[in-house]
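*Asks:* Below is one structure. I have some questions about it.
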Amino acid sequence: MSQWPSAKAKQVLAALLRLGWETRRQTGSHRTLMRKGWNDFVFAFHDGEELGPRMLARIAKHTGLRPEDL
């Protein structure tokens with residue numbers, strides 16, 4: 001079983017913002033996030049969308065997100 005629980009996109013975005021990511025720009029539901037020392041990351045989910053464990057693991061790989069951050 002995965003260590004990642006399912007989570008709403010709004011909850012994941014809030015966790016990323018707490019980790020120091022900032023919104024560089026937004027067009028619709030596509031947000032380009034930036035953080036010093038990391039490559040920009042495009043967060044392209046609607047707030048109410050449910051993100052599963054596999055997608056959360058992919059996001060974590062690019063952003064440093066951990067399960068306990070949610």
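The chains in the structure tokens are called A, B, ... from first to last as shown; in each chain the residues are counted from 1, and the ligands are counted from 1 in the order shown.
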When you look at Met34 in chain A with a cut-off of 10 Å (counting only C-alpha atoms), what residues show up, excluding the ones that are within fewer than 2 positions of it in the same chain? I need them as a short mmCIF file (atom, residue, chain, number, x, y, z; two decimals) with C-alpha atoms, in the first residue's frame.

*Replies:*
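Listed below is the output, selection-v3.cif:
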```cif
data_model
loop_
_atom_site.label_atom_id
_atom_site.label_comp_id
_atom_site.auth_asym_id
_atom_site.auth_seq_id
_atom_site.Cartn_x
_atom_site.Cartn_y
_atom_site.Cartn_z
CA LEU A 17 2.53 27.12 -0.22
CA GLY A 20 7.69 27.98 0.60
CA TRP A 21 6.37 27.63 -2.96
CA GLU A 22 4.90 30.84 -4.40
CA THR A 23 2.55 31.39 -7.30
CA ARG A 24 4.48 33.03 -10.13
CA ARG A 25 1.49 33.27 -12.48
CA ARG A 31 -0.60 27.75 -11.62
CA THR A 32 3.14 28.09 -12.16
CA LYS A 36 14.37 29.22 -4.77
CA GLY A 37 16.64 26.29 -5.53
CA TRP A 38 13.94 24.32 -7.39
CA ASN A 39 12.72 24.26 -10.99
CA ASP A 40 9.34 25.90 -11.62
CA PHE A 41 6.42 23.51 -11.23
CA VAL A 42 3.08 23.75 -13.05
CA THR A 63 8.47 19.69 -5.21
#
```

*Asks:* Applying 12 Å and only C-alpha atoms, which residues near Met55 in chain A remain after dropping the ones on its own chain fewer than 3 positions away? List them as an MDAnalysis selection string.

*Replies:* chainID A and resid 2 4:9 12 43:45 49:52 58:62 65

*Asks:* For the residues in the current selection, export N, CA, C and O atoms as a PDB file, in the first residue's frame.

*Replies:*
```pdb
ATOM      1  N   SER A   2       0.408   2.281  -0.660  1.00  0.00           N
ATOM      2  CA  SER A   2       1.157   3.528  -0.776  1.00  0.00           C
ATOM      3  C   SER A   2       1.134   4.310   0.536  1.00  0.00           C
ATOM      4  O   SER A   2       0.179   4.236   1.308  1.00  0.00           O
ATOM      5  N   TRP A   4       1.014   7.460   0.483  1.00  0.00           N
ATOM      6  CA  TRP A   4       0.289   8.683   0.156  1.00  0.00           C
ATOM      7  C   TRP A   4      -1.213   8.455   0.249  1.00  0.00           C
ATOM      8  O   TRP A   4      -1.742   7.562  -0.378  1.00  0.00           O
ATOM      9  N   PRO A   5      -1.921   9.290   1.004  1.00  0.00           N
ATOM     10  CA  PRO A   5      -3.383   9.225   1.010  1.00  0.00           C
ATOM     11  C   PRO A   5      -3.914  10.045  -0.167  1.00  0.00           C
ATOM     12  O   PRO A   5      -3.198  10.853  -0.739  1.00  0.00           O
ATOM     13  N   SER A   6      -5.147   9.821  -0.537  1.00  0.00           N
ATOM     14  CA  SER A   6      -5.767  10.692  -1.539  1.00  0.00           C
ATOM     15  C   SER A   6      -6.022  12.044  -0.885  1.00  0.00           C
ATOM     16  O   SER A   6      -6.249  12.124   0.329  1.00  0.00           O
ATOM     17  N   ALA A   7      -5.973  13.108  -1.682  1.00  0.00           N
ATOM     18  CA  ALA A   7      -6.181  14.445  -1.123  1.00  0.00           C
ATOM     19  C   ALA A   7      -6.768  15.351  -2.193  1.00  0.00           C
ATOM     20  O   ALA A   7      -6.563  15.137  -3.389  1.00  0.00           O
ATOM     21  N   LYS A   8      -7.487  16.351  -1.774  1.00  0.00           N
ATOM     22  CA  LYS A   8      -8.025  17.350  -2.694  1.00  0.00           C
ATOM     23  C   LYS A   8      -6.893  18.257  -3.158  1.00  0.00           C
ATOM     24  O   LYS A   8      -5.947  18.536  -2.413  1.00  0.00           O
ATOM     25  N   ALA A   9      -6.995  18.740  -4.380  1.00  0.00           N
ATOM     26  CA  ALA A   9      -5.958  19.600  -4.959  1.00  0.00           C
ATOM     27  C   ALA A   9      -5.776  20.865  -4.119  1.00  0.00           C
ATOM     28  O   ALA A   9      -4.651  21.347  -3.954  1.00  0.00           O
ATOM     29  N   VAL A  12      -3.465  20.066  -1.289  1.00  0.00           N
ATOM     30  CA  VAL A  12      -2.088  19.872  -1.750  1.00  0.00           C
ATOM     31  C   VAL A  12      -1.444  21.225  -2.046  1.00  0.00           C
ATOM     32  O   VAL A  12      -0.304  21.483  -1.657  1.00  0.00           O
ATOM     33  N   PHE A  43       1.249  23.480 -11.505  1.00  0.00           N
ATOM     34  CA  PHE A  43       0.198  22.793 -10.759  1.00  0.00           C
ATOM     35  C   PHE A  43      -1.095  23.030 -11.523  1.00  0.00           C
ATOM     36  O   PHE A  43      -1.633  24.139 -11.502  1.00  0.00           O
ATOM     37  N   ALA A  44      -1.583  22.012 -12.232  1.00  0.00           N
ATOM     38  CA  ALA A  44      -2.701  22.188 -13.159  1.00  0.00           C
ATOM     39  C   ALA A  44      -3.925  21.379 -12.728  1.00  0.00           C
ATOM     40  O   ALA A  44      -4.377  20.481 -13.448  1.00  0.00           O
ATOM     41  N   PHE A  45      -4.457  21.679 -11.561  1.00  0.00           N
ATOM     42  CA  PHE A  45      -5.616  20.951 -11.061  1.00  0.00           C
ATOM     43  C   PHE A  45      -6.659  21.931 -10.546  1.00  0.00           C
ATOM     44  O   PHE A  45      -6.324  22.967  -9.990  1.00  0.00           O
ATOM     45  N   GLU A  49     -10.647  18.838  -7.214  1.00  0.00           N
ATOM     46  CA  GLU A  49     -10.234  17.584  -7.832  1.00  0.00           C
ATOM     47  C   GLU A  49      -9.506  16.695  -6.818  1.00  0.00           C
ATOM     48  O   GLU A  49      -8.682  17.160  -6.041  1.00  0.00           O
ATOM     49  N   GLU A  50      -9.831  15.405  -6.837  1.00  0.00           N
ATOM     50  CA  GLU A  50      -9.196  14.433  -5.944  1.00  0.00           C
ATOM     51  C   GLU A  50      -7.921  13.906  -6.591  1.00  0.00           C
ATOM     52  O   GLU A  50      -7.944  13.432  -7.725  1.00  0.00           O
ATOM     53  N   LEU A  51      -6.804  14.010  -5.892  1.00  0.00           N
ATOM     54  CA  LEU A  51      -5.529  13.516  -6.395  1.00  0.00           C
ATOM     55  C   LEU A  51      -5.186  12.218  -5.675  1.00  0.00           C
ATOM     56  O   LEU A  51      -5.190  12.170  -4.448  1.00  0.00           O
ATOM     57  N   GLY A  52      -4.894  11.199  -6.458  1.00  0.00           N
ATOM     58  CA  GLY A  52      -4.588   9.892  -5.896  1.00  0.00           C
ATOM     59  C   GLY A  52      -3.129   9.756  -5.494  1.00  0.00           C
ATOM     60  O   GLY A  52      -2.311  10.652  -5.735  1.00  0.00           O
ATOM     61  N   ARG A  58       4.215  11.748  -7.777  1.00  0.00           N
ATOM     62  CA  ARG A  58       4.846  12.501  -8.875  1.00  0.00           C
ATOM     63  C   ARG A  58       5.075  13.957  -8.477  1.00  0.00           C
ATOM     64  O   ARG A  58       6.131  14.525  -8.763  1.00  0.00           O
ATOM     65  N   ILE A  59       4.076  14.557  -7.846  1.00  0.00           N
ATOM     66  CA  ILE A  59       4.209  15.943  -7.392  1.00  0.00           C
ATOM     67  C   ILE A  59       5.353  16.043  -6.383  1.00  0.00           C
ATOM     68  O   ILE A  59       6.172  16.954  -6.439  1.00  0.00           O
ATOM     69  N   ALA A  60       5.427  15.081  -5.481  1.00  0.00           N
ATOM     70  CA  ALA A  60       6.465  15.080  -4.442  1.00  0.00           C
ATOM     71  C   ALA A  60       7.857  15.018  -5.046  1.00  0.00           C
ATOM     72  O   ALA A  60       8.782  15.667  -4.564  1.00  0.00           O
ATOM     73  N   LYS A  61       8.006  14.251  -6.111  1.00  0.00           N
ATOM     74  CA  LYS A  61       9.306  14.097  -6.764  1.00  0.00           C
ATOM     75  C   LYS A  61       9.846  15.442  -7.263  1.00  0.00           C
ATOM     76  O   LYS A  61      11.033  15.703  -7.233  1.00  0.00           O
ATOM     77  N   HIS A  62       8.938  16.317  -7.693  1.00  0.00           N
ATOM     78  CA  HIS A  62       9.334  17.603  -8.267  1.00  0.00           C
ATOM     79  C   HIS A  62       9.309  18.762  -7.270  1.00  0.00           C
ATOM     80  O   HIS A  62       9.840  19.837  -7.559  1.00  0.00           O
ATOM     81  N   LEU A  65       7.469  17.630  -1.569  1.00  0.00           N
ATOM     82  CA  LEU A  65       6.314  17.394  -0.709  1.00  0.00           C
ATOM     83  C   LEU A  65       6.458  16.021  -0.039  1.00  0.00           C
ATOM     84  O   LEU A  65       6.934  15.073  -0.664  1.00  0.00           O
TER      85      LEU A  65
END
```

*Asks:* Run DSSP on the backbone and give me the residues of chain A it puts in helix (DSSP H, G or I), as number ranges by chain.

*Replies:* A: 9-18, 53-63, 67-69

*Asks:* Please, could you write that set of residues out with N, CA and C atoms as a PDB file, in the first residue's frame?

*Replies:*
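Printed below is out-v1.pdb as written:
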```
ATOM      1  N   ALA A   9      -6.995  18.740  -4.380  1.00  0.00           N
ATOM      2  CA  ALA A   9      -5.958  19.600  -4.959  1.00  0.00           C
ATOM      3  C   ALA A   9      -5.776  20.865  -4.119  1.00  0.00           C
ATOM      4  N   LYS A  10      -6.848  21.399  -3.581  1.00  0.00           N
ATOM      5  CA  LYS A  10      -6.771  22.606  -2.753  1.00  0.00           C
ATOM      6  C   LYS A  10      -5.891  22.362  -1.522  1.00  0.00           C
ATOM      7  N   GLN A  11      -6.007  21.175  -0.925  1.00  0.00           N
ATOM      8  CA  GLN A  11      -5.210  20.811   0.253  1.00  0.00           C
ATOM      9  C   GLN A  11      -3.731  20.656  -0.135  1.00  0.00           C
ATOM     10  N   VAL A  12      -3.465  20.066  -1.289  1.00  0.00           N
ATOM     11  CA  VAL A  12      -2.088  19.872  -1.750  1.00  0.00           C
ATOM     12  C   VAL A  12      -1.444  21.225  -2.046  1.00  0.00           C
ATOM     13  N   LEU A  13      -2.178  22.111  -2.718  1.00  0.00           N
ATOM     14  CA  LEU A  13      -1.650  23.441  -3.018  1.00  0.00           C
ATOM     15  C   LEU A  13      -1.337  24.200  -1.726  1.00  0.00           C
ATOM     16  N   ALA A  14      -2.212  24.109  -0.741  1.00  0.00           N
ATOM     17  CA  ALA A  14      -1.971  24.786   0.536  1.00  0.00           C
ATOM     18  C   ALA A  14      -0.693  24.247   1.194  1.00  0.00           C
ATOM     19  N   ALA A  15      -0.465  22.947   1.109  1.00  0.00           N
ATOM     20  CA  ALA A  15       0.745  22.345   1.679  1.00  0.00           C
ATOM     21  C   ALA A  15       1.985  22.853   0.952  1.00  0.00           C
ATOM     22  N   LEU A  16       1.907  22.968  -0.376  1.00  0.00           N
ATOM     23  CA  LEU A  16       3.046  23.471  -1.142  1.00  0.00           C
ATOM     24  C   LEU A  16       3.352  24.919  -0.776  1.00  0.00           C
ATOM     25  N   LEU A  17       2.326  25.727  -0.599  1.00  0.00           N
ATOM     26  CA  LEU A  17       2.525  27.125  -0.223  1.00  0.00           C
ATOM     27  C   LEU A  17       3.154  27.229   1.164  1.00  0.00           C
ATOM     28  N   ARG A  18       2.774  26.329   2.082  1.00  0.00           N
ATOM     29  CA  ARG A  18       3.388  26.311   3.417  1.00  0.00           C
ATOM     30  C   ARG A  18       4.862  25.931   3.340  1.00  0.00           C
ATOM     31  N   PRO A  53      -2.784   8.619  -4.907  1.00  0.00           N
ATOM     32  CA  PRO A  53      -1.428   8.388  -4.421  1.00  0.00           C
ATOM     33  C   PRO A  53      -0.353   8.490  -5.498  1.00  0.00           C
ATOM     34  N   ARG A  54      -0.615   7.991  -6.699  1.00  0.00           N
ATOM     35  CA  ARG A  54       0.393   8.047  -7.757  1.00  0.00           C
ATOM     36  C   ARG A  54       0.691   9.485  -8.176  1.00  0.00           C
ATOM     37  N   MET A  55      -0.345  10.300  -8.305  1.00  0.00           N
ATOM     38  CA  MET A  55      -0.146  11.698  -8.696  1.00  0.00           C
ATOM     39  C   MET A  55       0.566  12.454  -7.579  1.00  0.00           C
ATOM     40  N   LEU A  56       0.227  12.176  -6.346  1.00  0.00           N
ATOM     41  CA  LEU A  56       0.892  12.841  -5.222  1.00  0.00           C
ATOM     42  C   LEU A  56       2.374  12.472  -5.179  1.00  0.00           C
ATOM     43  N   ALA A  57       2.701  11.230  -5.494  1.00  0.00           N
ATOM     44  CA  ALA A  57       4.109  10.812  -5.524  1.00  0.00           C
ATOM     45  C   ALA A  57       4.860  11.548  -6.635  1.00  0.00           C
ATOM     46  N   ARG A  58       4.215  11.748  -7.777  1.00  0.00           N
ATOM     47  CA  ARG A  58       4.846  12.501  -8.875  1.00  0.00           C
ATOM     48  C   ARG A  58       5.075  13.957  -8.477  1.00  0.00           C
ATOM     49  N   ILE A  59       4.076  14.557  -7.846  1.00  0.00           N
ATOM     50  CA  ILE A  59       4.209  15.943  -7.392  1.00  0.00           C
ATOM     51  C   ILE A  59       5.353  16.043  -6.383  1.00  0.00           C
ATOM     52  N   ALA A  60       5.427  15.081  -5.481  1.00  0.00           N
ATOM     53  CA  ALA A  60       6.465  15.080  -4.442  1.00  0.00           C
ATOM     54  C   ALA A  60       7.857  15.018  -5.046  1.00  0.00           C
ATOM     55  N   LYS A  61       8.006  14.251  -6.111  1.00  0.00           N
ATOM     56  CA  LYS A  61       9.306  14.097  -6.764  1.00  0.00           C
ATOM     57  C   LYS A  61       9.846  15.442  -7.263  1.00  0.00           C
ATOM     58  N   HIS A  62       8.938  16.317  -7.693  1.00  0.00           N
ATOM     59  CA  HIS A  62       9.334  17.603  -8.267  1.00  0.00           C
ATOM     60  C   HIS A  62       9.309  18.762  -7.270  1.00  0.00           C
ATOM     61  N   THR A  63       8.656  18.569  -6.128  1.00  0.00           N
ATOM     62  CA  THR A  63       8.468  19.693  -5.206  1.00  0.00           C
ATOM     63  C   THR A  63       9.013  19.475  -3.799  1.00  0.00           C
ATOM     64  N   PRO A  67       4.342  13.078   2.708  1.00  0.00           N
ATOM     65  CA  PRO A  67       2.994  12.742   3.191  1.00  0.00           C
ATOM     66  C   PRO A  67       2.608  13.486   4.470  1.00  0.00           C
ATOM     67  N   GLU A  68       3.572  13.699   5.355  1.00  0.00           N
ATOM     68  CA  GLU A  68       3.237  14.393   6.613  1.00  0.00           C
ATOM     69  C   GLU A  68       2.965  15.877   6.411  1.00  0.00           C
ATOM     70  N   ASP A  69       3.305  16.431   5.238  1.00  0.00           N
ATOM     71  CA  ASP A  69       3.015  17.841   4.950  1.00  0.00           C
ATOM     72  C   ASP A  69       1.531  18.077   4.685  1.00  0.00           C
TER      73      ASP A  69
END
```

*Asks:* Apply DSSP to the structure's backbone, then extract all residues of chain A labelled strand (DSSP E) and return them as a PyMOL selection string.

*Replies:* chain A and resi 7-8+22-27+30-34+41-44+50-51
